[in-house]
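Here is the file target.txt (compact mmCIF, C-alpha atoms).
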# COMPACT_ATOMS: atom_id res chain seq x y z
CA MET L 543 -68.56 -28.93 -42.71
CA VAL L 544 -65.14 -28.68 -44.35
CA SER L 545 -62.72 -26.33 -42.60
CA PRO L 546 -62.04 -23.08 -44.55
CA SER L 547 -58.31 -23.82 -44.32
CA VAL L 548 -58.81 -26.82 -46.57
CA VAL L 549 -60.50 -24.92 -49.44
CA PRO L 550 -57.29 -23.50 -51.01
CA TYR L 551 -55.80 -26.98 -51.07
CA ILE L 552 -58.88 -28.32 -52.89
CA PHE L 553 -58.52 -25.64 -55.59
CA LEU L 554 -54.83 -26.49 -55.90
CA LEU L 555 -55.69 -30.13 -56.54
CA LEU L 556 -58.23 -29.13 -59.19
CA PHE L 557 -55.69 -26.86 -60.87
CA VAL L 558 -52.97 -29.49 -60.97
CA GLY L 559 -55.37 -32.12 -62.25
CA CYS L 560 -56.66 -29.91 -65.09
CA SER L 561 -53.29 -28.67 -66.29
CA ALA L 562 -50.87 -31.55 -66.03
CA ARG L 563 -50.62 -35.31 -65.66
CA PRO L 564 -53.06 -37.28 -63.49
CA LEU L 565 -52.21 -37.71 -59.82
CA TYR L 566 -51.08 -41.30 -59.41
CA PRO L 567 -49.42 -42.54 -56.22
CA LEU L 568 -45.85 -43.75 -56.48
CA PRO L 569 -45.39 -47.51 -56.87
CA GLY L 570 -45.44 -49.28 -53.52
CA ARG L 571 -46.62 -46.22 -51.63
CA ARG L 572 -49.89 -44.29 -51.72
CA ASN L 573 -49.78 -40.53 -52.30
CA ASP L 574 -49.28 -39.34 -48.73
CA ARG L 575 -50.03 -35.64 -49.24
CA ASN L 576 -53.71 -36.21 -48.57
CA LYS L 577 -53.48 -38.94 -45.96
CA GLN L 578 -55.34 -38.54 -42.71
CA PRO L 579 -52.63 -37.63 -40.18
CA LEU L 580 -51.68 -39.58 -37.10
CA GLN L 581 -53.83 -38.64 -34.13
CA THR L 582 -51.74 -37.25 -31.29
CA PHE L 583 -54.43 -35.95 -28.91
CA ARG L 584 -55.19 -39.22 -27.09
CA ALA L 585 -53.35 -42.34 -25.93
CA TYR L 586 -51.78 -44.29 -28.79
CA ASN L 587 -53.48 -47.48 -29.97
CA ILE L 588 -50.56 -49.88 -30.54
CA ALA L 589 -51.44 -53.06 -32.46
CA HIS L 590 -49.44 -55.69 -30.58
CA ARG L 591 -48.13 -58.03 -33.32
CA GLY L 592 -51.06 -56.78 -35.40
CA SER L 593 -54.65 -57.59 -34.53
CA ASN L 594 -53.44 -60.93 -33.25
CA GLY L 595 -56.48 -61.54 -31.09
CA GLU L 596 -58.26 -62.32 -34.36
CA ILE L 597 -55.57 -63.40 -36.83
CA PRO L 598 -52.21 -65.19 -36.29
CA GLU L 599 -49.58 -62.76 -35.06
CA GLU L 600 -47.09 -60.78 -37.14
CA THR L 601 -48.69 -61.67 -40.49
CA VAL L 602 -49.74 -59.38 -43.31
CA ALA L 603 -53.39 -60.14 -42.55
CA ALA L 604 -53.01 -59.31 -38.84
CA TYR L 605 -51.47 -55.95 -39.64
CA MET L 606 -53.99 -55.15 -42.37
CA ARG L 607 -56.83 -55.95 -39.98
CA ALA L 608 -55.31 -53.68 -37.32
CA ILE L 609 -55.10 -50.80 -39.80
CA GLU L 610 -58.72 -51.38 -40.85
CA GLU L 611 -59.72 -51.32 -37.19
CA GLY L 612 -58.11 -47.95 -36.53
CA THR L 613 -54.74 -48.59 -34.90
CA ASP L 614 -52.24 -45.75 -34.65
CA PHE L 615 -49.13 -47.97 -34.73
CA ILE L 616 -48.50 -51.50 -35.90
CA GLU L 617 -46.01 -53.25 -33.62
CA THR L 618 -43.55 -56.00 -34.48
CA ASP L 619 -40.58 -57.95 -33.12
CA ILE L 620 -37.48 -58.05 -35.30
CA LEU L 621 -35.17 -61.08 -35.34
CA ALA L 622 -32.71 -62.31 -37.97
CA SER L 623 -32.47 -65.39 -40.15
CA LYS L 624 -29.35 -67.53 -40.66
CA ASP L 625 -28.46 -65.49 -43.75
CA GLY L 626 -28.99 -62.14 -42.04
CA ALA L 627 -32.46 -61.20 -43.27
CA LEU L 628 -34.51 -59.21 -40.75
CA ILE L 629 -37.70 -61.08 -39.89
CA CYS L 630 -40.92 -60.19 -38.06
CA PHE L 631 -41.28 -62.87 -35.42
CA HIS L 632 -41.66 -62.86 -31.65
CA ASP L 633 -40.01 -66.06 -30.38
CA VAL L 634 -36.43 -67.13 -31.02
CA THR L 635 -37.91 -70.60 -31.69
CA LEU L 636 -40.45 -71.45 -34.37
CA ASP L 637 -42.27 -74.16 -32.42
CA ASP L 638 -45.26 -72.33 -30.93
CA THR L 639 -46.54 -70.27 -33.86
CA THR L 640 -45.57 -72.14 -37.05
CA ASP L 641 -46.04 -75.59 -38.57
CA ILE L 642 -42.32 -76.41 -38.22
CA THR L 643 -42.96 -79.64 -36.28
CA ASN L 644 -44.93 -80.99 -39.25
CA ARG L 645 -42.12 -80.31 -41.71
CA LYS L 646 -40.21 -83.56 -42.09
CA GLU L 647 -37.52 -81.91 -44.21
CA PHE L 648 -36.47 -79.86 -41.17
CA ALA L 649 -36.73 -82.60 -38.54
CA ASN L 650 -32.96 -82.57 -37.91
CA ARG L 651 -32.80 -78.83 -37.19
CA LYS L 652 -33.79 -78.98 -33.52
CA ARG L 653 -31.10 -77.42 -31.33
CA THR L 654 -30.41 -76.27 -27.77
CA TYR L 655 -29.07 -72.78 -27.12
CA GLU L 656 -28.67 -70.64 -24.05
CA VAL L 657 -31.08 -67.72 -24.29
CA GLN L 658 -31.04 -65.13 -21.52
CA GLY L 659 -29.33 -67.57 -19.20
CA VAL L 660 -31.75 -70.44 -19.86
CA ASN L 661 -31.04 -73.57 -21.96
CA THR L 662 -33.80 -73.62 -24.56
CA THR L 663 -34.52 -76.44 -27.01
CA GLY L 664 -36.45 -76.06 -30.24
CA PHE L 665 -36.30 -75.07 -33.88
CA PHE L 666 -34.45 -71.76 -33.82
CA LEU L 667 -35.11 -69.07 -36.39
CA VAL L 668 -31.37 -68.34 -36.64
CA ASP L 669 -30.80 -71.85 -38.08
CA PHE L 670 -33.00 -71.21 -41.12
CA THR L 671 -32.45 -69.07 -44.20
CA LEU L 672 -35.07 -66.60 -45.37
CA GLU L 673 -36.00 -68.93 -48.24
CA GLU L 674 -36.61 -71.77 -45.78
CA LEU L 675 -38.58 -69.59 -43.38
CA LYS L 676 -40.87 -68.52 -46.21
CA LEU L 677 -41.92 -72.17 -46.64
CA LEU L 678 -43.41 -72.24 -43.14
CA ARG L 679 -46.96 -71.23 -42.27
CA VAL L 680 -48.00 -69.33 -39.18
CA LYS L 681 -50.62 -70.47 -36.68
CA GLN L 682 -52.51 -68.90 -33.79
CA ARG L 683 -50.54 -68.90 -30.53
CA TYR L 684 -53.46 -69.49 -28.18
CA PRO L 685 -55.86 -72.46 -28.58
CA PHE L 686 -58.81 -70.43 -27.28
CA ARG L 687 -58.55 -67.98 -30.20
CA ASP L 688 -59.88 -68.39 -33.74
CA GLN L 689 -58.02 -71.24 -35.46
CA GLN L 690 -59.51 -70.86 -38.94
CA TYR L 691 -56.53 -68.92 -40.29
CA ASN L 692 -53.88 -71.45 -39.25
CA GLY L 693 -51.66 -72.32 -42.20
CA GLU L 694 -52.90 -69.42 -44.35
CA PHE L 695 -50.06 -66.95 -43.93
CA SER L 696 -46.27 -66.88 -44.13
CA ILE L 697 -43.59 -65.21 -42.04
CA ILE L 698 -42.82 -61.69 -43.28
CA THR L 699 -39.67 -59.57 -43.44
CA PHE L 700 -39.03 -56.18 -41.87
CA ASP L 701 -39.21 -54.65 -45.37
CA GLU L 702 -42.62 -56.20 -45.99
CA PHE L 703 -43.86 -54.96 -42.63
CA ILE L 704 -42.78 -51.39 -43.42
CA SER L 705 -44.50 -51.55 -46.82
CA ILE L 706 -47.80 -52.38 -45.11
CA ALA L 707 -47.61 -49.15 -43.11
CA LEU L 708 -46.48 -47.01 -46.03
CA ASP L 709 -49.22 -48.36 -48.30
CA ALA L 710 -52.00 -47.60 -45.81
CA HIS L 711 -54.72 -45.11 -46.80
CA ARG L 712 -53.83 -42.95 -43.79
CA VAL L 713 -50.67 -42.28 -41.78
CA VAL L 714 -49.92 -45.42 -39.76
CA GLY L 715 -46.90 -45.54 -37.50
CA ILE L 716 -44.58 -48.49 -36.95
CA TYR L 717 -43.30 -49.75 -33.60
CA PRO L 718 -40.51 -52.32 -34.21
CA GLU L 719 -38.59 -54.03 -31.42
CA ILE L 720 -34.91 -54.92 -31.44
CA LYS L 721 -35.62 -58.43 -30.17
CA ASN L 722 -33.08 -60.53 -28.24
CA PRO L 723 -30.08 -58.55 -29.57
CA VAL L 724 -27.54 -60.39 -27.40
CA PHE L 725 -28.58 -63.78 -28.80
CA ILE L 726 -28.90 -62.54 -32.39
CA ASN L 727 -25.47 -60.90 -32.38
CA GLN L 728 -23.98 -64.14 -31.03
CA GLN L 729 -25.55 -66.35 -33.71
CA VAL L 730 -25.81 -64.20 -36.87
CA LYS L 731 -22.89 -62.43 -38.53
CA TRP L 732 -23.01 -59.67 -41.15
CA PRO L 733 -20.23 -58.47 -43.50
CA GLY L 734 -17.93 -55.76 -42.23
CA GLY L 735 -18.53 -56.64 -38.61
CA LYS L 736 -21.92 -54.96 -38.57
CA ARG L 737 -24.25 -55.63 -35.68
CA PHE L 738 -27.92 -56.54 -35.59
CA GLU L 739 -28.70 -53.01 -34.44
CA ASP L 740 -26.83 -51.53 -37.44
CA LYS L 741 -28.93 -53.54 -39.91
CA PHE L 742 -32.09 -52.60 -38.03
CA VAL L 743 -31.41 -48.86 -38.32
CA GLU L 744 -30.23 -49.19 -41.93
CA THR L 745 -33.60 -50.65 -42.86
CA LEU L 746 -35.49 -47.80 -41.24
CA LYS L 747 -33.32 -45.21 -42.99
CA LYS L 748 -33.79 -46.95 -46.33
CA TYR L 749 -37.50 -46.23 -46.15
CA GLY L 750 -37.15 -42.65 -44.95
CA TYR L 751 -37.84 -43.09 -41.24
CA ARG L 752 -36.13 -40.30 -39.36
CA GLY L 753 -36.80 -37.34 -37.12
CA SER L 754 -37.25 -36.71 -33.43
CA TYR L 755 -40.57 -37.20 -31.68
CA MET L 756 -43.32 -34.89 -33.05
CA SER L 757 -41.02 -33.35 -35.66
CA LYS L 758 -42.46 -32.69 -39.12
CA GLN L 759 -40.58 -35.67 -40.59
CA TRP L 760 -41.65 -37.96 -37.74
CA LEU L 761 -45.32 -37.05 -38.14
CA LYS L 762 -45.06 -37.92 -41.82
CA GLN L 763 -43.67 -41.40 -41.07
CA PRO L 764 -44.08 -42.04 -37.33
CA ALA L 765 -41.97 -44.70 -35.64
CA PHE L 766 -40.99 -45.76 -32.15
CA ILE L 767 -38.02 -48.11 -31.64
CA GLN L 768 -38.38 -50.40 -28.63
CA SER L 769 -36.13 -52.85 -26.82
CA PHE L 770 -35.67 -54.60 -23.49
CA ALA L 771 -31.91 -54.11 -23.94
CA PRO L 772 -30.76 -50.65 -22.82
CA THR L 773 -27.34 -50.99 -24.44
CA SER L 774 -29.00 -51.45 -27.85
CA LEU L 775 -31.06 -48.30 -27.39
CA ILE L 776 -28.00 -46.33 -26.30
CA TYR L 777 -25.95 -47.74 -29.20
CA ILE L 778 -28.45 -46.70 -31.89
CA SER L 779 -28.94 -43.24 -30.38
CA ASN L 780 -25.80 -42.25 -32.30
CA GLN L 781 -27.36 -43.49 -35.56
CA THR L 782 -30.93 -42.21 -35.48
CA ASP L 783 -32.96 -39.58 -33.66
CA LEU L 784 -36.16 -41.59 -33.93
CA PRO L 785 -37.89 -41.84 -30.51
CA LYS L 786 -37.07 -44.92 -28.46
CA ILE L 787 -38.98 -46.83 -25.79
CA PHE L 788 -37.25 -48.85 -23.06
CA LEU L 789 -39.26 -52.00 -22.40
CA ILE L 790 -39.39 -53.29 -18.84
CA ASP L 791 -39.89 -56.98 -18.09
CA ASP L 792 -41.33 -58.80 -15.09
CA VAL L 793 -39.97 -57.96 -11.63
CA ASN L 794 -38.08 -61.27 -11.58
CA MET L 795 -36.37 -60.77 -14.97
CA PRO L 796 -33.07 -58.86 -15.11
CA THR L 797 -32.14 -56.98 -18.26
CA GLN L 798 -30.73 -59.39 -20.86
CA ASP L 799 -27.66 -57.30 -21.65
CA THR L 800 -26.71 -55.52 -18.42
CA ASN L 801 -28.17 -57.94 -15.84
CA GLN L 802 -29.85 -55.11 -13.94
CA SER L 803 -32.84 -55.76 -11.69
CA TYR L 804 -36.34 -54.39 -12.19
CA TRP L 805 -35.91 -52.24 -9.11
CA GLU L 806 -32.71 -50.71 -10.43
CA ILE L 807 -34.07 -49.82 -13.86
CA THR L 808 -37.23 -48.28 -12.40
CA SER L 809 -35.39 -46.17 -9.82
CA ASP L 810 -35.43 -42.39 -10.16
CA SER L 811 -31.69 -42.30 -10.77
CA TYR L 812 -31.96 -44.76 -13.66
CA LEU L 813 -34.98 -43.01 -15.18
CA ASP L 814 -32.97 -39.80 -15.03
CA PHE L 815 -30.13 -41.57 -16.86
CA ILE L 816 -32.15 -43.38 -19.55
CA LYS L 817 -34.29 -40.34 -20.44
CA GLU L 818 -31.25 -38.99 -22.31
CA TYR L 819 -31.75 -41.82 -24.82
CA VAL L 820 -35.46 -42.66 -24.78
CA VAL L 821 -38.78 -40.82 -24.77
CA GLY L 822 -40.64 -43.41 -22.74
CA ILE L 823 -40.87 -46.77 -21.03
CA GLY L 824 -42.96 -49.83 -21.83
CA PRO L 825 -43.62 -51.83 -18.65
CA TRP L 826 -45.72 -54.95 -18.23
CA LYS L 827 -49.00 -53.58 -16.85
CA ASP L 828 -49.13 -55.97 -13.88
CA ASN L 829 -45.87 -54.48 -12.68
CA ILE L 830 -47.37 -51.00 -12.63
CA ILE L 831 -50.29 -52.23 -10.55
CA PRO L 832 -49.69 -55.40 -8.49
CA VAL L 833 -52.31 -58.16 -8.70
CA SER L 834 -53.57 -60.49 -5.98
CA SER L 835 -56.25 -63.16 -6.51
CA ASN L 836 -56.92 -61.56 -9.91
CA TYR L 837 -57.74 -58.19 -8.33
CA LEU L 838 -55.68 -55.07 -8.89
CA GLN L 839 -54.08 -53.72 -5.76
CA THR L 840 -52.85 -50.20 -4.98
CA PRO L 841 -51.10 -48.72 -8.04
CA SER L 842 -47.37 -48.10 -7.82
CA ASP L 843 -45.98 -44.65 -8.47
CA LEU L 844 -44.07 -45.73 -11.61
CA VAL L 845 -46.30 -43.84 -14.05
CA ALA L 846 -46.17 -40.66 -12.00
CA ARG L 847 -42.40 -40.88 -11.60
CA ALA L 848 -41.89 -41.57 -15.31
CA HIS L 849 -44.01 -38.55 -16.19
CA ALA L 850 -42.02 -36.47 -13.73
CA HIS L 851 -38.93 -37.42 -15.76
CA ASN L 852 -40.76 -36.40 -18.96
CA LEU L 853 -41.08 -40.02 -20.08
CA GLN L 854 -44.15 -41.50 -21.73
CA VAL L 855 -45.60 -44.80 -20.48
CA HIS L 856 -46.83 -47.46 -22.93
CA PRO L 857 -47.78 -50.59 -20.93
CA TYR L 858 -48.35 -54.06 -22.40
CA THR L 859 -50.45 -56.16 -23.11
CA PHE L 860 -54.21 -55.55 -23.14
CA ARG L 861 -56.35 -58.54 -24.13
CA ASN L 862 -60.13 -58.98 -24.29
CA GLU L 863 -60.45 -62.55 -23.04
CA ASN L 864 -61.81 -63.06 -19.54
CA LYS L 865 -58.69 -64.94 -18.43
CA PHE L 866 -56.67 -61.75 -18.98
CA LEU L 867 -59.17 -59.30 -17.45
CA HIS L 868 -58.90 -58.68 -13.73
CA PHE L 869 -62.07 -58.94 -11.68
CA ASN L 870 -62.05 -55.18 -11.02
CA PHE L 871 -63.28 -54.63 -14.57
CA SER L 872 -66.32 -56.98 -14.48
CA GLU L 873 -64.84 -58.84 -17.46
CA ASP L 874 -65.32 -55.72 -19.60
CA PRO L 875 -62.28 -54.54 -21.64
CA TYR L 876 -63.79 -51.06 -22.00
CA ASN L 877 -63.76 -50.66 -18.22
CA GLU L 878 -60.08 -51.67 -18.29
CA TYR L 879 -59.24 -49.13 -21.01
CA ASP L 880 -61.11 -46.42 -19.11
CA TYR L 881 -59.18 -47.17 -15.93
CA TRP L 882 -55.73 -47.15 -17.52
CA ILE L 883 -56.28 -44.13 -19.76
CA ASN L 884 -58.29 -41.86 -17.47
CA LYS L 885 -57.20 -42.88 -13.97
CA ILE L 886 -53.64 -44.15 -14.40
CA GLY L 887 -52.92 -41.74 -17.26
CA VAL L 888 -50.86 -43.88 -19.65
CA ASP L 889 -49.80 -42.47 -23.01
CA GLY L 890 -50.21 -45.57 -25.18
CA LEU L 891 -51.44 -49.15 -24.90
CA PHE L 892 -50.20 -52.36 -26.51
CA THR L 893 -53.33 -54.35 -27.35
CA ASP L 894 -54.15 -57.64 -29.12
CA PHE L 895 -57.57 -56.23 -29.99
CA THR L 896 -57.09 -52.91 -31.77
CA GLY L 897 -60.73 -52.67 -32.80
CA SER L 898 -61.93 -52.71 -29.21
CA LEU L 899 -59.55 -49.97 -28.12
CA HIS L 900 -60.38 -47.88 -31.19
CA HIS L 901 -64.14 -48.18 -30.59
CA TYR L 902 -63.70 -47.19 -26.95
CA GLN L 903 -61.65 -44.13 -27.86
CA GLU L 904 -64.01 -43.04 -30.64
CA TRP L 905 -66.92 -43.21 -28.24
CA THR L 906 -65.17 -41.33 -25.45
CA ASN L 907 -62.73 -39.04 -27.27
CA PRO L 908 -63.52 -39.03 -31.00
CA PHE L 909 -61.32 -37.78 -33.81
CA ALA L 910 -62.56 -34.37 -34.98
CA SER L 911 -65.33 -35.03 -37.50
CA GLY L 912 -64.44 -31.99 -39.59
CA GLU L 913 -60.88 -33.28 -40.11
CA LYS L 914 -62.22 -36.68 -41.17
CA GLU L 915 -64.64 -35.11 -43.64
CA ALA L 916 -61.97 -32.91 -45.20
CA THR L 917 -59.59 -35.86 -45.61
CA ARG L 918 -62.29 -37.97 -47.27
CA LEU L 919 -63.18 -35.14 -49.66
CA LEU L 920 -59.57 -34.61 -50.70
CA HIS L 921 -59.15 -38.33 -51.30
CA LYS L 922 -62.30 -38.44 -53.48
CA ILE L 923 -61.08 -35.52 -55.56
CA GLU L 924 -57.73 -37.23 -56.12
CA LEU L 925 -59.46 -40.41 -57.25
CA MET L 926 -61.72 -38.50 -59.65
CA LEU L 927 -58.80 -36.64 -61.18
CA SER L 928 -56.80 -39.83 -61.65
CA LYS L 929 -59.52 -41.21 -63.94
CA PHE L 930 -58.86 -38.57 -66.58
CA LYS L 931 -55.97 -38.36 -69.03
CA TYR L 932 -54.48 -34.99 -69.64
CA PHE L 933 -51.89 -33.89 -72.15
CA ASN L 934 -49.25 -31.21 -71.79
Starting from the file, give its structure as structure tokens.
Amino acid sequence: MVSPSVVPYIFLLLFVGCSARPLYPLPGRRNDRNKQPLQTFRAYNIAHRGSNGEIPEETVAAYMRAIEEGTDFIETDILASKDGALICFHDVTLDDTTDITNRKEFANRKRTYEVQGVNTTGFFLVDFTLEELKLLRVKQRYPFRDQQYNGEFSIITFDEFISIALDAHRVVGIYPEIKNPVFINQQVKWPGGKRFEDKFVETLKKYGYRGSYMSKQWLKQPAFIQSFAPTSLIYISNQTDLPKIFLIDDVNMPTQDTNQSYWEITSDSYLDFIKEYVVGIGPWKDNIIPVSSNYLQTPSDLVARAHAHNLQVHPYTFRNENKFLHFNFSEDPYNEYDYWINKIGVDGLFTDFTGSLHHYQEWTNPFASGEKEATRLLHKIELMLSKFKYFN
């Protein structure tokens, strides 16, 4: 049954439709007044590079599938092209997830750069213009996943990624990462001495992304900004009040910009420092709970300590395949979700399989049916009204 609080809004829609012009959404963005809001009562479903367990990562199709499957946020990695365009792509090299090695016209572009202290050889994204990158086609990263979509989709820009979220039929958040900022700032230069981080924030502002966590503006266009580089997060804190997540790498990987150890950045003193700039942390899940012989061991106290510092915890990455599921879960991803959400108490999960996480959450902690029904009814009324032509 529709909530009584919705009835006045229905009459308002009918009045507007019968007395003025039809209700058409603005170009490039659906009318967001009647969109189903972001759920905030359960752990966030974060579509890691889209629904990339099914479709090649960071493509329009992967993000569209994730939205269809019920994700709360679509996640992406932002890098930059040779000519300064912001691109959605995970690796600094193109080798593993595109057809670059089959492109004879680019055969002489292979280079070696130092990336996070390691000499890396390959076809680097920073050596290609946006026009050249658009010629490439994306492929599935893992050979054991569906290969039928290889070669079907192109690399997309940050702008295109944002448009996917804004055009969704409901409120869908975005979760972009400032990826490898040290390397990008070394290799790509923008006019006026601007930094990679400046261009990143400018793009978000251009599309209206602003507001602190859970503010009215944030709920309208939700976004988390993530990075493994603490200096980038601190730098942009003077430019935007959007909530930020500090990503935490493997225990053997120091921070790329400050060369701090895992143990330093997960200490209570550091959590107390970084909470002035971020609302949460995003650790690799096997660092939260050590693993031995593919069995989870005794959980660390990182989640509890983060919560004590009023920080959310969004671990990565949850994957359905048996090779990624620890034996504790009987090769059942729903058992894994149950453990992390209800026993460990995380606040969001990066997953390659958004549909699985969504189904689990709907079965165990469903979205209020009355809110769903009201949203559907309002949307139907808007569609009906838009079919008629009215004259002033």
Neighbours of point (-35.1, -50.3, -30.2) within 12 Å, using all atoms listed in the file, written as a ChimeraX atom specification
/L:617-621,716-723,738-743,746,765-779,781-789,819-824
Could you turn the residues from that selection into a file that holds C-alpha atoms, as a JSON list (two decimals), in the frame of the given file?
[["chain", "number", "residue", "atom", "x", "y", "z"],
["L", 617, "GLU", "CA", -46.01, -53.25, -33.62],
["L", 618, "THR", "CA", -43.55, -56.00, -34.48],
["L", 619, "ASP", "CA", -40.58, -57.95, -33.12],
["L", 620, "ILE", "CA", -37.48, -58.05, -35.30],
["L", 621, "LEU", "CA", -35.17, -61.08, -35.34],
["L", 716, "ILE", "CA", -44.58, -48.49, -36.95],
["L", 717, "TYR", "CA", -43.30, -49.75, -33.60],
["L", 718, "PRO", "CA", -40.51, -52.32, -34.21],
["L", 719, "GLU", "CA", -38.59, -54.03, -31.42],
["L", 720, "ILE", "CA", -34.91, -54.92, -31.44],
["L", 721, "LYS", "CA", -35.62, -58.43, -30.17],
["L", 722, "ASN", "CA", -33.08, -60.53, -28.24],
["L", 723, "PRO", "CA", -30.08, -58.55, -29.57],
["L", 738, "PHE", "CA", -27.92, -56.54, -35.59],
["L", 739, "GLU", "CA", -28.70, -53.01, -34.44],
["L", 740, "ASP", "CA", -26.83, -51.53, -37.44],
["L", 741, "LYS", "CA", -28.93, -53.54, -39.91],
["L", 742, "PHE", "CA", -32.09, -52.60, -38.03],
["L", 743, "VAL", "CA", -31.41, -48.86, -38.32],
["L", 746, "LEU", "CA", -35.49, -47.80, -41.24],
["L", 765, "ALA", "CA", -41.97, -44.70, -35.64],
["L", 766, "PHE", "CA", -40.99, -45.76, -32.15],
["L", 767, "ILE", "CA", -38.02, -48.11, -31.64],
["L", 768, "GLN", "CA", -38.38, -50.40, -28.63],
["L", 769, "SER", "CA", -36.13, -52.85, -26.82],
["L", 770, "PHE", "CA", -35.67, -54.60, -23.49],
["L", 771, "ALA", "CA", -31.91, -54.11, -23.94],
["L", 772, "PRO", "CA", -30.76, -50.65, -22.82],
["L", 773, "THR", "CA", -27.34, -50.99, -24.44],
["L", 774, "SER", "CA", -29.00, -51.45, -27.85],
["L", 775, "LEU", "CA", -31.06, -48.30, -27.39],
["L", 776, "ILE", "CA", -28.00, -46.33, -26.30],
["L", 777, "TYR", "CA", -25.95, -47.74, -29.20],
["L", 778, "ILE", "CA", -28.45, -46.70, -31.89],
["L", 779, "SER", "CA", -28.94, -43.24, -30.38],
["L", 781, "GLN", "CA", -27.36, -43.49, -35.56],
["L", 782, "THR", "CA", -30.93, -42.21, -35.48],
["L", 783, "ASP", "CA", -32.96, -39.58, -33.66],
["L", 784, "LEU", "CA", -36.16, -41.59, -33.93],
["L", 785, "PRO", "CA", -37.89, -41.84, -30.51],
["L", 786, "LYS", "CA", -37.07, -44.92, -28.46],
["L", 787, "ILE", "CA", -38.98, -46.83, -25.79],
["L", 788, "PHE", "CA", -37.25, -48.85, -23.06],
["L", 789, "LEU", "CA", -39.26, -52.00, -22.40],
["L", 819, "TYR", "CA", -31.75, -41.82, -24.82],
["L", 820, "VAL", "CA", -35.46, -42.66, -24.78],
["L", 821, "VAL", "CA", -38.78, -40.82, -24.77],
["L", 822, "GLY", "CA", -40.64, -43.41, -22.74],
["L", 823, "ILE", "CA", -40.87, -46.77, -21.03],
["L", 824, "GLY", "CA", -42.96, -49.83, -21.83]]
Within 12 Å of (-38.6, -75.7, -31.0) (coordinates as in the file), grab all the protein and nucleic acid residues, counting only C-alpha atoms, and write them out as a PyMOL selection string.
chain L and resi 633-644+648-655+661-669
Can you spit out the residues from that selection as a CSV table (one decimal), keeping the file's coordinate frame, using C-alpha atoms?
chain,number,residue,atom,x,y,z
L,633,ASP,CA,-40.0,-66.1,-30.4
L,634,VAL,CA,-36.4,-67.1,-31.0
L,635,THR,CA,-37.9,-70.6,-31.7
L,636,LEU,CA,-40.4,-71.4,-34.4
L,637,ASP,CA,-42.3,-74.2,-32.4
L,638,ASP,CA,-45.3,-72.3,-30.9
L,639,THR,CA,-46.5,-70.3,-33.9
L,640,THR,CA,-45.6,-72.1,-37.0
L,641,ASP,CA,-46.0,-75.6,-38.6
L,642,ILE,CA,-42.3,-76.4,-38.2
L,643,THR,CA,-43.0,-79.6,-36.3
L,644,ASN,CA,-44.9,-81.0,-39.2
L,648,PHE,CA,-36.5,-79.9,-41.2
L,649,ALA,CA,-36.7,-82.6,-38.5
L,650,ASN,CA,-33.0,-82.6,-37.9
L,651,ARG,CA,-32.8,-78.8,-37.2
L,652,LYS,CA,-33.8,-79.0,-33.5
L,653,ARG,CA,-31.1,-77.4,-31.3
L,654,THR,CA,-30.4,-76.3,-27.8
L,655,TYR,CA,-29.1,-72.8,-27.1
L,661,ASN,CA,-31.0,-73.6,-22.0
L,662,THR,CA,-33.8,-73.6,-24.6
L,663,THR,CA,-34.5,-76.4,-27.0
L,664,GLY,CA,-36.4,-76.1,-30.2
L,665,PHE,CA,-36.3,-75.1,-33.9
L,666,PHE,CA,-34.4,-71.8,-33.8
L,667,LEU,CA,-35.1,-69.1,-36.4
L,668,VAL,CA,-31.4,-68.3,-36.6
L,669,ASP,CA,-30.8,-71.8,-38.1
Applying 10 Å and all atoms listed in the file, which residues near Thr797 in chain L remain after dropping the ones on its own chain fewer than 2 positions away? List them as a PDB file with C-alpha atoms, in the frame of the given file.
ATOM      1  CA  GLN L 658     -31.040 -65.130 -21.520  1.00  0.00           C
ATOM      2  CA  PHE L 770     -35.670 -54.600 -23.490  1.00  0.00           C
ATOM      3  CA  ALA L 771     -31.910 -54.110 -23.940  1.00  0.00           C
ATOM      4  CA  PRO L 772     -30.760 -50.650 -22.820  1.00  0.00           C
ATOM      5  CA  THR L 773     -27.340 -50.990 -24.440  1.00  0.00           C
ATOM      6  CA  LEU L 789     -39.260 -52.000 -22.400  1.00  0.00           C
ATOM      7  CA  ILE L 790     -39.390 -53.290 -18.840  1.00  0.00           C
ATOM      8  CA  ASP L 791     -39.890 -56.980 -18.090  1.00  0.00           C
ATOM      9  CA  ASP L 792     -41.330 -58.800 -15.090  1.00  0.00           C
ATOM     10  CA  ASN L 794     -38.080 -61.270 -11.580  1.00  0.00           C
ATOM     11  CA  MET L 795     -36.370 -60.770 -14.970  1.00  0.00           C
ATOM     12  CA  ASP L 799     -27.660 -57.300 -21.650  1.00  0.00           C
ATOM     13  CA  THR L 800     -26.710 -55.520 -18.420  1.00  0.00           C
ATOM     14  CA  ASN L 801     -28.170 -57.940 -15.840  1.00  0.00           C
ATOM     15  CA  GLN L 802     -29.850 -55.110 -13.940  1.00  0.00           C
ATOM     16  CA  SER L 803     -32.840 -55.760 -11.690  1.00  0.00           C
ATOM     17  CA  TYR L 804     -36.340 -54.390 -12.190  1.00  0.00           C
ATOM     18  CA  ILE L 807     -34.070 -49.820 -13.860  1.00  0.00           C
TER      19      ILE L 807
END
When distances are computed from only C-alpha atoms, which of L:Gly734, L:Asn780, L:Ser705, L:Ala846 shows the smallest separation from Gly750 in chain L?
L:Ser705
List as an mmCIF file with C-alpha atoms, in the frame of the given file the protein and nucleic acid residues near range 867-872 of chain L, meaning an atom at most 6 Å away when all atoms listed in the file are counted, but skip any in the same chain fewer than 5 places from it.
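Wrote around17.cif, looks like this:
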data_model
loop_
_atom_site.group_PDB
_atom_site.id
_atom_site.type_symbol
_atom_site.label_atom_id
_atom_site.label_comp_id
_atom_site.auth_asym_id
_atom_site.auth_seq_id
_atom_site.Cartn_x
_atom_site.Cartn_y
_atom_site.Cartn_z
ATOM 1 C CA ASN L 836 -56.920 -61.560 -9.910
ATOM 2 C CA TYR L 837 -57.740 -58.190 -8.330
ATOM 3 C CA ASN L 877 -63.760 -50.660 -18.220
ATOM 4 C CA GLU L 878 -60.080 -51.670 -18.290
#
